[in-house]
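Text of the file entry-v1.pdb, holding PDB, C-alpha atoms:
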```pdb
ATOM      1  CA  MET Y   1     -36.631 171.559  24.362
ATOM      2  CA  PRO Y   2     -37.228 168.426  22.318
ATOM      3  CA  THR Y   3     -34.695 165.679  22.669
ATOM      4  CA  ARG Y   4     -32.358 164.807  19.827
ATOM      5  CA  ARG Y   5     -34.083 161.434  19.524
ATOM      6  CA  SER Y   6     -37.568 162.955  19.183
ATOM      7  CA  ALA Y   7     -36.300 165.472  16.628
ATOM      8  CA  LEU Y   8     -34.792 162.664  14.578
ATOM      9  CA  ALA Y   9     -38.026 160.729  14.838
ATOM     10  CA  ARG Y  10     -39.990 163.684  13.474
ATOM     11  CA  LEU Y  11     -37.462 164.100  10.662
ATOM     12  CA  ALA Y  12     -37.778 160.420   9.769
ATOM     13  CA  GLY Y  13     -41.557 160.773   9.724
ATOM     14  CA  THR Y  14     -41.336 163.733   7.356
ATOM     15  CA  ALA Y  15     -39.007 161.835   5.023
ATOM     16  CA  ALA Y  16     -41.349 158.850   5.035
ATOM     17  CA  ALA Y  17     -44.261 161.068   4.034
ATOM     18  CA  LEU Y  18     -42.288 162.373   1.063
ATOM     19  CA  CYS Y  19     -41.068 158.962  -0.076
ATOM     20  CA  PRO Y  20     -43.324 157.404  -2.765
ATOM     21  CA  LEU Y  21     -43.064 153.993  -1.086
ATOM     22  CA  PRO Y  22     -42.312 154.562   2.621
ATOM     23  CA  LEU Y  23     -41.043 151.050   3.381
ATOM     24  CA  LEU Y  24     -38.378 151.373   0.691
ATOM     25  CA  ALA Y  25     -35.300 153.510   0.978
ATOM     26  CA  GLN Y  26     -35.496 156.802  -0.923
ATOM     27  CA  ASP Y  27     -32.560 155.806  -3.135
ATOM     28  CA  ASP Y  28     -33.733 152.205  -3.605
ATOM     29  CA  LYS Y  29     -34.353 151.711  -7.331
ATOM     30  CA  THR Y  30     -35.549 148.111  -7.058
ATOM     31  CA  ALA Y  31     -38.249 147.555  -9.666
ATOM     32  CA  ILE Y  32     -41.871 147.332  -8.631
ATOM     33  CA  ARG Y  33     -43.330 144.157 -10.137
ATOM     34  CA  LEU Y  34     -46.814 144.479 -11.630
ATOM     35  CA  LEU Y  35     -48.197 140.990 -12.185
ATOM     36  CA  VAL Y  36     -50.923 140.288 -14.717
ATOM     37  CA  GLY Y  37     -52.700 136.980 -15.195
ATOM     38  CA  ALA Y  38     -54.841 137.727 -18.251
ATOM     39  CA  SER Y  39     -53.940 138.553 -21.827
ATOM     40  CA  ALA Y  40     -55.008 141.020 -24.549
ATOM     41  CA  GLY Y  41     -56.690 144.148 -23.181
ATOM     42  CA  THR Y  42     -55.833 143.385 -19.552
ATOM     43  CA  ASP Y  43     -52.144 142.975 -20.346
ATOM     44  CA  PHE Y  44     -52.192 146.217 -22.348
ATOM     45  CA  THR Y  45     -53.840 148.033 -19.442
ATOM     46  CA  ALA Y  46     -51.145 146.737 -17.086
ATOM     47  CA  ARG Y  47     -48.358 147.961 -19.356
ATOM     48  CA  LEU Y  48     -49.977 151.355 -19.771
ATOM     49  CA  VAL Y  49     -50.349 151.735 -15.995
ATOM     50  CA  ALA Y  50     -46.750 150.591 -15.457
ATOM     51  CA  GLU Y  51     -45.399 153.144 -17.911
ATOM     52  CA  LYS Y  52     -47.223 156.026 -16.248
ATOM     53  CA  LEU Y  53     -46.624 154.742 -12.711
ATOM     54  CA  ARG Y  54     -42.899 154.658 -13.452
ATOM     55  CA  ASP Y  55     -43.008 158.363 -14.235
ATOM     56  CA  ALA Y  56     -45.200 159.204 -11.241
ATOM     57  CA  LEU Y  57     -43.142 157.341  -8.648
ATOM     58  CA  GLY Y  58     -39.705 157.821 -10.150
ATOM     59  CA  ARG Y  59     -38.781 154.134  -9.936
ATOM     60  CA  PRO Y  60     -38.862 151.170 -12.338
ATOM     61  CA  VAL Y  61     -42.161 149.303 -12.796
ATOM     62  CA  VAL Y  62     -41.942 145.990 -14.638
ATOM     63  CA  VAL Y  63     -44.959 144.032 -15.936
ATOM     64  CA  LEU Y  64     -44.675 140.271 -15.455
ATOM     65  CA  GLN Y  65     -47.245 138.138 -17.287
ATOM     66  CA  LYS Y  66     -48.110 135.062 -15.235
ATOM     67  CA  LEU Y  67     -50.818 133.275 -17.197
ATOM     68  CA  GLY Y  68     -52.702 130.221 -16.044
ATOM     69  CA  ALA Y  69     -55.726 128.967 -14.093
ATOM     70  CA  GLY Y  70     -57.811 132.058 -14.758
ATOM     71  CA  GLN Y  71     -55.347 134.484 -13.098
ATOM     72  CA  ARG Y  72     -54.860 132.217 -10.081
ATOM     73  CA  VAL Y  73     -51.195 131.515 -10.913
ATOM     74  CA  ALA Y  74     -50.447 135.223 -10.638
ATOM     75  CA  LEU Y  75     -52.664 135.614  -7.571
ATOM     76  CA  ASN Y  76     -50.802 132.833  -5.783
ATOM     77  CA  GLU Y  77     -47.513 134.623  -6.402
ATOM     78  CA  LEU Y  78     -48.982 137.898  -5.184
ATOM     79  CA  GLN Y  79     -50.354 136.190  -2.084
ATOM     80  CA  LYS Y  80     -46.855 134.971  -1.122
ATOM     81  CA  SER Y  81     -45.132 138.318  -1.726
ATOM     82  CA  ALA Y  82     -43.962 140.728   0.974
ATOM     83  CA  PRO Y  83     -46.404 143.608   1.691
ATOM     84  CA  ASP Y  84     -43.769 146.259   1.006
ATOM     85  CA  GLY Y  85     -45.189 147.757  -2.188
ATOM     86  CA  ARG Y  86     -42.698 146.014  -4.455
ATOM     87  CA  THR Y  87     -45.240 143.497  -5.835
ATOM     88  CA  LEU Y  88     -48.673 144.438  -7.161
ATOM     89  CA  MET Y  89     -51.148 142.837  -9.557
ATOM     90  CA  LEU Y  90     -53.703 144.084 -12.080
ATOM     91  CA  VAL Y  91     -56.701 141.756 -11.647
ATOM     92  CA  THR Y  92     -60.082 141.446 -13.331
ATOM     93  CA  SER Y  93     -62.962 140.839 -10.950
ATOM     94  CA  ALA Y  94     -63.681 137.159 -11.696
ATOM     95  CA  PRO Y  95     -61.335 135.745  -8.988
ATOM     96  CA  PHE Y  96     -63.159 137.871  -6.401
ATOM     97  CA  SER Y  97     -66.737 137.776  -7.662
ATOM     98  CA  ILE Y  98     -67.244 134.570  -9.673
ATOM     99  CA  TYR Y  99     -64.675 131.979  -8.552
ATOM    100  CA  PRO Y 100     -65.846 131.800  -4.909
ATOM    101  CA  HIS Y 101     -69.157 130.445  -6.211
ATOM    102  CA  ILE Y 102     -67.982 128.014  -8.898
ATOM    103  CA  TYR Y 103     -64.856 126.439  -7.406
ATOM    104  CA  THR Y 104     -65.245 124.243  -4.362
ATOM    105  CA  LYS Y 105     -61.601 124.786  -3.372
ATOM    106  CA  LEU Y 106     -59.719 128.064  -3.733
ATOM    107  CA  ASP Y 107     -56.198 128.411  -2.360
ATOM    108  CA  TYR Y 108     -56.811 132.046  -1.456
ATOM    109  CA  ASP Y 109     -59.346 134.113   0.462
ATOM    110  CA  PRO Y 110     -60.520 136.970  -1.794
ATOM    111  CA  LEU Y 111     -61.281 139.200   1.207
ATOM    112  CA  LYS Y 112     -58.341 138.451   3.510
ATOM    113  CA  ASP Y 113     -55.334 137.578   1.348
ATOM    114  CA  PHE Y 114     -55.002 140.806  -0.684
ATOM    115  CA  THR Y 115     -54.886 144.566  -0.180
ATOM    116  CA  PRO Y 116     -56.963 146.701  -2.577
ATOM    117  CA  VAL Y 117     -54.921 149.593  -3.972
ATOM    118  CA  ALA Y 118     -57.086 151.238  -6.642
ATOM    119  CA  GLY Y 119     -59.727 150.589  -9.268
ATOM    120  CA  VAL Y 120     -58.431 151.131 -12.797
ATOM    121  CA  SER Y 121     -60.929 150.204 -15.501
ATOM    122  CA  ALA Y 122     -63.884 148.057 -16.530
ATOM    123  CA  PHE Y 123     -65.134 146.196 -19.577
ATOM    124  CA  ASP Y 124     -68.117 144.287 -20.890
ATOM    125  CA  VAL Y 125     -68.625 141.776 -23.695
ATOM    126  CA  GLY Y 126     -70.421 141.531 -26.997
ATOM    127  CA  ILE Y 127     -72.970 138.989 -28.236
ATOM    128  CA  ALA Y 128     -72.343 137.913 -31.812
ATOM    129  CA  THR Y 129     -74.146 135.587 -34.182
ATOM    130  CA  GLY Y 130     -73.805 134.578 -37.810
ATOM    131  CA  PRO Y 131     -75.126 132.337 -40.610
ATOM    132  CA  ALA Y 132     -76.364 129.641 -38.221
ATOM    133  CA  THR Y 133     -79.146 131.905 -36.933
ATOM    134  CA  GLY Y 134     -79.335 134.636 -39.567
ATOM    135  CA  ALA Y 135     -80.416 137.017 -36.787
ATOM    136  CA  GLN Y 136     -79.823 140.720 -37.384
ATOM    137  CA  ASN Y 137     -80.853 141.852 -33.915
ATOM    138  CA  MET Y 138     -81.713 140.519 -30.469
ATOM    139  CA  LYS Y 139     -85.429 140.155 -31.244
ATOM    140  CA  GLU Y 140     -84.638 137.896 -34.192
ATOM    141  CA  LEU Y 141     -82.112 135.907 -32.143
ATOM    142  CA  VAL Y 142     -84.680 135.321 -29.382
ATOM    143  CA  ALA Y 143     -87.188 134.090 -31.962
ATOM    144  CA  TRP Y 144     -84.566 131.736 -33.410
ATOM    145  CA  LEU Y 145     -83.681 130.362 -29.964
ATOM    146  CA  LYS Y 146     -87.342 129.675 -29.178
ATOM    147  CA  ALA Y 147     -87.816 127.928 -32.526
ATOM    148  CA  ASN Y 148     -84.580 125.919 -32.282
ATOM    149  CA  PRO Y 149     -84.081 124.987 -28.605
ATOM    150  CA  ARG Y 150     -81.845 122.004 -29.427
ATOM    151  CA  GLN Y 151     -79.455 124.289 -31.286
ATOM    152  CA  ALA Y 152     -79.289 126.876 -28.474
ATOM    153  CA  ILE Y 153     -75.515 126.732 -28.163
ATOM    154  CA  TYR Y 154     -73.130 129.550 -27.363
ATOM    155  CA  GLY Y 155     -69.391 129.817 -27.019
ATOM    156  CA  SER Y 156     -67.413 132.035 -24.671
ATOM    157  CA  ALA Y 157     -63.819 133.136 -24.354
ATOM    158  CA  PRO Y 158     -61.772 132.843 -22.251
ATOM    159  CA  GLY Y 159     -64.186 130.078 -21.302
ATOM    160  CA  THR Y 160     -65.645 128.530 -18.162
ATOM    161  CA  GLY Y 161     -66.011 130.901 -15.240
ATOM    162  CA  SER Y 162     -65.417 134.047 -17.295
ATOM    163  CA  LEU Y 163     -67.628 137.110 -17.606
ATOM    164  CA  SER Y 164     -68.512 135.947 -21.142
ATOM    165  CA  HIS Y 165     -69.653 132.564 -19.851
ATOM    166  CA  PHE Y 166     -71.964 134.149 -17.296
ATOM    167  CA  VAL Y 167     -73.394 136.637 -19.768
ATOM    168  CA  GLY Y 168     -74.627 133.564 -21.646
ATOM    169  CA  ILE Y 169     -76.056 132.073 -18.456
ATOM    170  CA  SER Y 170     -77.758 135.394 -17.697
ATOM    171  CA  LEU Y 171     -79.257 135.532 -21.187
ATOM    172  CA  GLY Y 172     -80.612 132.004 -20.863
ATOM    173  CA  LEU Y 173     -82.219 132.809 -17.497
ATOM    174  CA  ALA Y 174     -83.698 136.067 -18.781
ATOM    175  CA  LEU Y 175     -85.291 134.242 -21.713
ATOM    176  CA  ASN Y 176     -86.178 131.114 -19.728
ATOM    177  CA  GLN Y 177     -84.305 129.321 -22.478
ATOM    178  CA  PRO Y 178     -81.580 126.828 -21.452
ATOM    179  CA  MET Y 179     -78.419 127.223 -23.530
ATOM    180  CA  THR Y 180     -75.478 124.852 -23.937
ATOM    181  CA  HIS Y 181     -72.076 126.380 -23.267
ATOM    182  CA  VAL Y 182     -68.893 125.679 -25.248
ATOM    183  CA  ALA Y 183     -65.656 127.028 -23.755
ATOM    184  CA  TYR Y 184     -63.000 128.543 -26.018
ATOM    185  CA  LYS Y 185     -59.509 129.418 -24.838
ATOM    186  CA  ASP Y 186     -59.429 132.474 -27.069
ATOM    187  CA  SER Y 187     -61.958 134.464 -29.029
ATOM    188  CA  PRO Y 188     -60.596 134.276 -32.629
ATOM    189  CA  VAL Y 189     -61.360 130.552 -32.942
ATOM    190  CA  GLY Y 190     -64.872 130.979 -31.555
ATOM    191  CA  LEU Y 191     -65.613 133.951 -33.797
ATOM    192  CA  LEU Y 192     -64.401 132.050 -36.846
ATOM    193  CA  ASP Y 193     -66.769 129.228 -35.908
ATOM    194  CA  VAL Y 194     -69.616 131.763 -35.746
ATOM    195  CA  SER Y 195     -68.693 133.273 -39.117
ATOM    196  CA  SER Y 196     -68.644 129.814 -40.725
ATOM    197  CA  GLY Y 197     -71.970 128.764 -39.206
ATOM    198  CA  ARG Y 198     -70.503 126.040 -36.983
ATOM    199  CA  LEU Y 199     -71.424 127.954 -33.816
ATOM    200  CA  PRO Y 200     -74.697 129.879 -33.450
ATOM    201  CA  ILE Y 201     -73.638 132.476 -30.836
ATOM    202  CA  MET Y 202     -70.404 133.778 -29.319
ATOM    203  CA  MET Y 203     -69.869 135.894 -26.195
ATOM    204  CA  THR Y 204     -66.493 137.621 -25.866
ATOM    205  CA  GLY Y 205     -64.746 140.988 -25.871
ATOM    206  CA  LEU Y 206     -66.073 143.453 -28.440
ATOM    207  CA  SER Y 207     -62.654 144.523 -29.695
ATOM    208  CA  GLY Y 208     -62.074 141.158 -31.391
ATOM    209  CA  MET Y 209     -65.471 141.279 -33.107
ATOM    210  CA  ILE Y 210     -65.220 144.603 -34.909
ATOM    211  CA  GLU Y 211     -63.443 143.610 -38.133
ATOM    212  CA  LEU Y 212     -65.629 140.546 -38.708
ATOM    213  CA  HIS Y 213     -68.747 142.586 -37.915
ATOM    214  CA  LYS Y 214     -67.825 145.372 -40.330
ATOM    215  CA  ALA Y 215     -66.951 142.797 -42.999
ATOM    216  CA  GLY Y 216     -70.421 141.273 -42.620
ATOM    217  CA  ARG Y 217     -69.104 137.866 -41.545
ATOM    218  CA  ILE Y 218     -70.705 138.057 -38.108
ATOM    219  CA  ARG Y 219     -73.358 140.280 -36.575
ATOM    220  CA  VAL Y 220     -72.808 141.873 -33.147
ATOM    221  CA  ILE Y 221     -76.337 142.342 -31.832
ATOM    222  CA  ALA Y 222     -75.795 143.601 -28.261
ATOM    223  CA  SER Y 223     -73.298 144.385 -25.513
ATOM    224  CA  SER Y 224     -73.535 143.368 -21.873
ATOM    225  CA  GLY Y 225     -72.867 146.648 -20.034
ATOM    226  CA  ASN Y 226     -74.949 149.676 -19.128
ATOM    227  CA  ALA Y 227     -73.711 151.862 -21.998
ATOM    228  CA  ARG Y 228     -73.086 151.367 -25.705
ATOM    229  CA  SER Y 229     -69.508 150.804 -26.763
ATOM    230  CA  PRO Y 230     -67.879 153.671 -28.679
ATOM    231  CA  LEU Y 231     -66.363 150.958 -30.874
ATOM    232  CA  LEU Y 232     -69.827 150.014 -32.146
ATOM    233  CA  PRO Y 233     -72.166 152.876 -31.241
ATOM    234  CA  ASP Y 234     -75.039 151.445 -33.299
ATOM    235  CA  VAL Y 235     -75.062 148.210 -31.265
ATOM    236  CA  PRO Y 236     -77.528 148.430 -28.339
ATOM    237  CA  THR Y 237     -76.958 147.178 -24.823
ATOM    238  CA  MET Y 238     -78.885 144.066 -23.838
ATOM    239  CA  GLN Y 239     -81.190 146.193 -21.706
ATOM    240  CA  GLU Y 240     -81.888 148.492 -24.658
ATOM    241  CA  ALA Y 241     -82.693 145.373 -26.663
ATOM    242  CA  GLY Y 242     -85.279 144.330 -24.065
ATOM    243  CA  ILE Y 243     -83.158 141.765 -22.164
ATOM    244  CA  ASN Y 244     -82.766 142.323 -18.424
ATOM    245  CA  VAL Y 245     -79.000 141.682 -18.303
ATOM    246  CA  ASN Y 246     -76.386 144.207 -17.221
ATOM    247  CA  THR Y 247     -72.960 142.708 -16.557
ATOM    248  CA  THR Y 248     -69.556 144.396 -16.421
ATOM    249  CA  SER Y 249     -66.160 143.291 -15.106
ATOM    250  CA  THR Y 250     -64.127 145.605 -12.888
ATOM    251  CA  VAL Y 251     -60.320 145.760 -13.118
ATOM    252  CA  GLY Y 252     -58.238 146.818 -10.138
ATOM    253  CA  ILE Y 253     -54.741 146.771  -8.686
ATOM    254  CA  PHE Y 254     -54.070 144.759  -5.540
ATOM    255  CA  GLY Y 255     -51.130 144.002  -3.297
ATOM    256  CA  PRO Y 256     -50.593 141.195  -0.808
ATOM    257  CA  ALA Y 257     -52.345 141.271   2.560
ATOM    258  CA  GLY Y 258     -50.880 143.461   5.253
ATOM    259  CA  MET Y 259     -49.793 146.488   3.227
ATOM    260  CA  ALA Y 260     -49.541 149.517   5.501
ATOM    261  CA  PRO Y 261     -51.803 152.504   4.714
ATOM    262  CA  GLU Y 262     -48.763 154.749   4.205
ATOM    263  CA  VAL Y 263     -47.562 152.349   1.490
ATOM    264  CA  VAL Y 264     -50.952 152.074  -0.204
ATOM    265  CA  ARG Y 265     -51.863 155.762  -0.137
ATOM    266  CA  PRO Y 266     -49.311 157.154  -2.645
ATOM    267  CA  LEU Y 267     -49.938 154.237  -4.980
ATOM    268  CA  THR Y 268     -53.690 154.873  -4.878
ATOM    269  CA  THR Y 269     -53.202 158.561  -5.603
ATOM    270  CA  ALA Y 270     -50.859 157.917  -8.534
ATOM    271  CA  ILE Y 271     -52.976 155.163 -10.109
ATOM    272  CA  MET Y 272     -56.240 157.109  -9.856
ATOM    273  CA  ALA Y 273     -54.553 160.126 -11.432
ATOM    274  CA  ILE Y 274     -53.261 157.961 -14.295
ATOM    275  CA  ALA Y 275     -56.675 156.384 -14.926
ATOM    276  CA  SER Y 276     -58.341 159.808 -14.963
ATOM    277  CA  THR Y 277     -56.409 161.220 -17.928
ATOM    278  CA  PRO Y 278     -57.870 161.582 -21.452
ATOM    279  CA  GLU Y 279     -54.771 159.796 -22.797
ATOM    280  CA  PHE Y 280     -55.549 156.726 -20.692
ATOM    281  CA  ARG Y 281     -59.126 156.635 -21.974
ATOM    282  CA  GLU Y 282     -58.036 157.032 -25.602
ATOM    283  CA  LYS Y 283     -55.440 154.263 -25.425
ATOM    284  CA  LEU Y 284     -57.839 151.793 -23.813
ATOM    285  CA  ALA Y 285     -60.732 152.507 -26.191
ATOM    286  CA  PRO Y 286     -59.588 150.107 -28.979
ATOM    287  CA  PHE Y 287     -59.811 147.237 -26.459
ATOM    288  CA  ASN Y 288     -63.357 148.155 -25.377
ATOM    289  CA  VAL Y 289     -61.952 148.950 -21.939
ATOM    290  CA  PHE Y 290     -62.984 152.166 -20.207
ATOM    291  CA  PRO Y 291     -61.387 153.918 -17.213
ATOM    292  CA  LYS Y 292     -62.922 153.467 -13.785
ATOM    293  CA  PRO Y 293     -60.566 155.049 -11.216
ATOM    294  CA  THR Y 294     -61.734 154.321  -7.666
ATOM    295  CA  THR Y 295     -60.395 154.276  -4.128
ATOM    296  CA  PRO Y 296     -59.617 150.954  -2.394
ATOM    297  CA  GLN Y 297     -62.883 151.229  -0.471
ATOM    298  CA  GLU Y 298     -64.904 151.881  -3.634
ATOM    299  CA  LEU Y 299     -63.129 149.038  -5.432
ATOM    300  CA  MET Y 300     -64.000 146.561  -2.686
ATOM    301  CA  ALA Y 301     -67.610 147.766  -2.535
ATOM    302  CA  THR Y 302     -67.930 147.162  -6.295
ATOM    303  CA  LEU Y 303     -66.398 143.690  -6.042
ATOM    304  CA  GLN Y 304     -68.638 142.765  -3.115
ATOM    305  CA  ALA Y 305     -71.680 143.857  -5.132
ATOM    306  CA  GLU Y 306     -70.496 141.735  -8.080
ATOM    307  CA  ASN Y 307     -69.910 138.840  -5.675
ATOM    308  CA  ARG Y 308     -73.519 139.037  -4.483
ATOM    309  CA  GLN Y 309     -74.736 139.261  -8.078
ATOM    310  CA  TYR Y 310     -72.912 136.075  -9.090
ATOM    311  CA  ALA Y 311     -73.903 134.226  -5.920
ATOM    312  CA  GLY Y 312     -77.534 134.669  -6.937
ATOM    313  CA  LEU Y 313     -76.811 133.939 -10.588
ATOM    314  CA  VAL Y 314     -74.974 130.684  -9.900
ATOM    315  CA  LYS Y 315     -77.763 129.538  -7.582
ATOM    316  CA  ALA Y 316     -80.539 130.490 -10.022
ATOM    317  CA  SER Y 317     -78.816 128.837 -12.957
ATOM    318  CA  GLY Y 318     -78.109 125.556 -11.213
ATOM    319  CA  TYR Y 319     -74.527 125.809 -12.427
ATOM    320  CA  THR Y 320     -72.529 122.990 -10.861
ATOM    321  CA  PRO Y 321     -69.284 124.133  -9.199
ATOM    322  CA  GLU Y 322     -66.157 122.322 -10.367
TER     323      GLU Y 322
END
```

How does the structure come out when it is put into C-alpha cells?
Amino acid sequence: MPTRRSALARLAGTAAALCPLPLLAQDDKTAIRLLVGASAGTDFTARLVAEKLRDALGRPVVVLQKLGAGQRVALNELQKSAPDGRTLMLVTSAPFSIYPHIYTKLDYDPLKDFTPVAGVSAFDVGIATGPATGAQNMKELVAWLKANPRQAIYGSAPGTGSLSHFVGISLGLALNQPMTHVAYKDSPVGLLDVSSGRLPIMMTGLSGMIELHKAGRIRVIASSGNARSPLLPDVPTMQEAGINVNTTSTVGIFGPAGMAPEVVRPLTTAIMAIASTPEFREKLAPFNVFPKPTTPQELMATLQAENRQYAGLVKASGYTPE
C-alpha cells in the first residue's frame, strides 16, 4: 500500500500539472507583468497578447512599458526578476542578434540571462524615397545613387542599431555604394523630411509610410522581408527588385534565466495558440506585423541564425561598435 506521504506527493504533482503557473498557488491572482521596451506595433502586440493570455490562464496580465536604451531598460528589469512566471517580456530580436556585435559592453548575456518562452510575430521595414531622388522604383533609385554618391544619405527609425539601420547597411553593401546614415528617434519626422526633399531615403516600418505613399508625398519602392506586405501588395521585396537583401526581425516572449520547464510549458502552449488565430493576424496586419508562433527551441534557433547574419554584416560593413 502506498504511504500517506507518497499519496500526497502524487496529489500535489497532479495539482501542479493542472495549475497554469505551477510555482504560483492556484488561488494566487497576482498579476503577471509583461514588459515591453519598444513602442508602436511592438507595444500593441504586447497588449494583444496580454489580453488573450489573461483569458487563457485565468489570471491578470498587465503590460508595463519600460522604454529606453533600445529595450535594454526593460531587459535589465527582466534579468533581475524572479523566475517564477510572474514577469515576462515581449522583445524584438535586436538585443539578441544585433547588439552583441555593435556594443562593446552589454550588461546582459543574450544566451544565459533569459529563458525563451515562445515566438510571437515578425516584421520587416520599407524603403521610401521622395522628391530628392524622384525615383519611382528600386532600379531608378540605384541609378540615382550611382550618379549622386555624395548625396547617398538615408535615415532610419528608431535609429542606430535597429533593423532599419542595418537594412540600409545591407543595401549599401549589395550595391557596393557607401551610404551615410542619419538616425531618427521616430519615423514621422524622417518621413516628413523625405516628403519635403530634405532626406533622400528613409528606412522604417511600413505602417507609418502608407498614408504618405498613397497621397503621393513619398514613394515606397521595396520592403526588406521575403514576402510582400499585404498593406502595400504592389510594392516588391528587395529581392524581387534585384537587390540581394532579405532582413526580418523576430519578436518573442522571454522570462528571466532559470525558469523551470513546468512553468514555461503552459505559457508556451497558450502564447502559440494565441498567435495562431485569424483574429491575431487581422489585428496585427495594420502594423505590418505578421504572426510567427514558435516553440522556445525554434525561437532560439531563429535568433542564433539572425545573430550569425549580423555578425557577418557588421564585419563586412566595417561598422564601428559604440

Exercise for the section: Run the PyMOL selection byres ((chain Y and resi 107-118) around 8) on the file and write out the hits as a list of chain:residue names. Expected result: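 The output of the PyMOL selection byres ((chain Y and resi 107-118) around 8) on this file is Y:Asn76, Y:Gln79, Y:Pro95, Y:Phe96, Y:Lys105, Y:Leu106, Y:Gly119, Y:Val120, Y:Gly252, Y:Ile253, Y:Phe254, Y:Gly255, Y:Pro256, Y:Ala257, Y:Gly258, Y:Met259, Y:Val264, Y:Arg265, Y:Leu267, Y:Thr268, Y:Ile271, Y:Met272, Y:Pro293, Y:Thr294, Y:Thr295, Y:Pro296, Y:Gln297, Y:Leu299, Y:Met300.
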
Practice task
Please provide the set of residues having any atom within 6 Å of stretch 50-63 of chain Y, restricted to all atoms listed in the file, with same-chain residues fewer than 6 positions apart removed, written as a list in words.
Solution key: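 Once the adjacent positions are removed, what remains is Pro20, Lys29, Ala31, Ile32, Arg33, Leu34 and Leu35 of chain Y.
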
Show me, as a PDB file with C-alpha atoms, in the frame of the given file, the residues that have an atom within 9 Å of Y:Leu231 when counting only C-alpha atoms, minus same-chain residues fewer than 2 positions from it.
```
ATOM      1  CA  LEU Y 206     -66.073 143.453 -28.440  1.00  0.00           C
ATOM      2  CA  SER Y 207     -62.654 144.523 -29.695  1.00  0.00           C
ATOM      3  CA  ILE Y 210     -65.220 144.603 -34.909  1.00  0.00           C
ATOM      4  CA  ARG Y 228     -73.086 151.367 -25.705  1.00  0.00           C
ATOM      5  CA  SER Y 229     -69.508 150.804 -26.763  1.00  0.00           C
ATOM      6  CA  PRO Y 233     -72.166 152.876 -31.241  1.00  0.00           C
ATOM      7  CA  ALA Y 285     -60.732 152.507 -26.191  1.00  0.00           C
ATOM      8  CA  PRO Y 286     -59.588 150.107 -28.979  1.00  0.00           C
ATOM      9  CA  PHE Y 287     -59.811 147.237 -26.459  1.00  0.00           C
ATOM     10  CA  ASN Y 288     -63.357 148.155 -25.377  1.00  0.00           C
TER      11      ASN Y 288
END
```

Problem - the PyMOL selection byres ((chain Y and resi 137) around 12) resolved against shown file, as JSON, numbers by chain - result: {"Y": [127, 128, 129, 130, 133, 134, 135, 136, 138, 139, 140, 141, 142, 143, 144, 218, 219, 220, 221, 222, 223, 234, 235, 236, 237, 238, 240, 241, 242, 243]}

Practice task
List the neighbours of Y:Ser187 out to 8 Å using all atoms listed in the file; skip same-chain residues closer than 2 positions along the sequence, and give me the result as number ranges by chain.
Solution key: Y: 156-158, 184-185, 189-191, 204-205, 208

Atoms to include: C-alpha atoms. Write the selected residues as a PDB file, keeping the file's coordinate frame.
```
ATOM      1  CA  SER Y 156     -67.413 132.035 -24.671  1.00  0.00           C
ATOM      2  CA  ALA Y 157     -63.819 133.136 -24.354  1.00  0.00           C
ATOM      3  CA  PRO Y 158     -61.772 132.843 -22.251  1.00  0.00           C
ATOM      4  CA  TYR Y 184     -63.000 128.543 -26.018  1.00  0.00           C
ATOM      5  CA  LYS Y 185     -59.509 129.418 -24.838  1.00  0.00           C
ATOM      6  CA  VAL Y 189     -61.360 130.552 -32.942  1.00  0.00           C
ATOM      7  CA  GLY Y 190     -64.872 130.979 -31.555  1.00  0.00           C
ATOM      8  CA  LEU Y 191     -65.613 133.951 -33.797  1.00  0.00           C
ATOM      9  CA  THR Y 204     -66.493 137.621 -25.866  1.00  0.00           C
ATOM     10  CA  GLY Y 205     -64.746 140.988 -25.871  1.00  0.00           C
ATOM     11  CA  GLY Y 208     -62.074 141.158 -31.391  1.00  0.00           C
TER      12      GLY Y 208
END
```

Handout entry: Test item: residues at most 8 Å from stretch 163-165 of chain Y, only C-alpha atoms, excluding those fewer than 4 positions along its chain, as a list in words
Key =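 Contacts, with the query itself left out: Ala94, Asp124, Val125, Gly155, Ser156, Ala157, Pro158, Gly159, Ile169, His181, Ala183, Met203, Thr204, Gly205, Thr247, Thr248 and Ser249 of chain Y.
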
Using all atoms listed in the file, what does the table of stretch 32-127 of chain Y residues within 8 Å of stretch 275-282 of chain Y look like, with each row giving the shortest atom pair and its distance in Å to one decimal, sorted by chain and ascending number, as JSON lines?
```
{"residue": "Y:Leu48", "atom": "CA", "partner": "Y:Phe280", "partner_atom": "CA", "distance": 7.8}
{"residue": "Y:Val49", "atom": "CA", "partner": "Y:Ala275", "partner_atom": "CA", "distance": 7.9}
{"residue": "Y:Val120", "atom": "CA", "partner": "Y:Ala275", "partner_atom": "CA", "distance": 5.9}
{"residue": "Y:Ser121", "atom": "CA", "partner": "Y:Ala275", "partner_atom": "CA", "distance": 7.5}
```

Problem - Point-to-point distance from atom CA of Y:Pro131 to atom CA of Y:Met179, Å rounded to tenths - result: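 These two atoms are separated by 18.1 Å.
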
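If you look at atom CA of Y:Thr160 and atom CA of Y:Val36, they are 19.2 Å away from each other.
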
Exercise for the section: Give me the residues within 7 Å of Y:Thr250 as number ranges by chain, counting all atoms listed in the file and dropping any in the same chain fewer than 3 places off. Expected result: Y: 92-93, 121-123

Exercise for the section: Find the distance between atom CA of Y:Ala82 and atom CA of Y:Tyr103 and write it in Å to one decimal. Expected result: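 According to the coordinates, atom CA of Y:Ala82 and atom CA of Y:Tyr103 are separated by 26.7 Å.
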
Handout entry: Best match for closeness to Y:Ala38 among Y:Ser317, Y:Ser224, Y:Thr87, Y:Gln65, counting all atoms listed in the file
Key =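 Nearest to Y:Ala38: Y:Gln65.
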
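Under the PyMOL selection byres ((chain Y and resi 153) around 9), the matching residues in the shown file are Pro149, Arg150, Gln151, Ala152, Tyr154, Gly155, Met179, Thr180, His181, Val182, Leu199, Pro200, Ile201 and Met202 of chain Y.
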
What would the file look like if the residues just selected were written as a short mmCIF file (atom, residue, chain, number, x, y, z; two decimals), keeping the file's coordinate frame with C-alpha atoms?
```
data_model
loop_
_atom_site.label_atom_id
_atom_site.label_comp_id
_atom_site.auth_asym_id
_atom_site.auth_seq_id
_atom_site.Cartn_x
_atom_site.Cartn_y
_atom_site.Cartn_z
CA PRO Y 149 -84.08 124.99 -28.60
CA ARG Y 150 -81.84 122.00 -29.43
CA GLN Y 151 -79.46 124.29 -31.29
CA ALA Y 152 -79.29 126.88 -28.47
CA TYR Y 154 -73.13 129.55 -27.36
CA GLY Y 155 -69.39 129.82 -27.02
CA MET Y 179 -78.42 127.22 -23.53
CA THR Y 180 -75.48 124.85 -23.94
CA HIS Y 181 -72.08 126.38 -23.27
CA VAL Y 182 -68.89 125.68 -25.25
CA LEU Y 199 -71.42 127.95 -33.82
CA PRO Y 200 -74.70 129.88 -33.45
CA ILE Y 201 -73.64 132.48 -30.84
CA MET Y 202 -70.40 133.78 -29.32
#
```
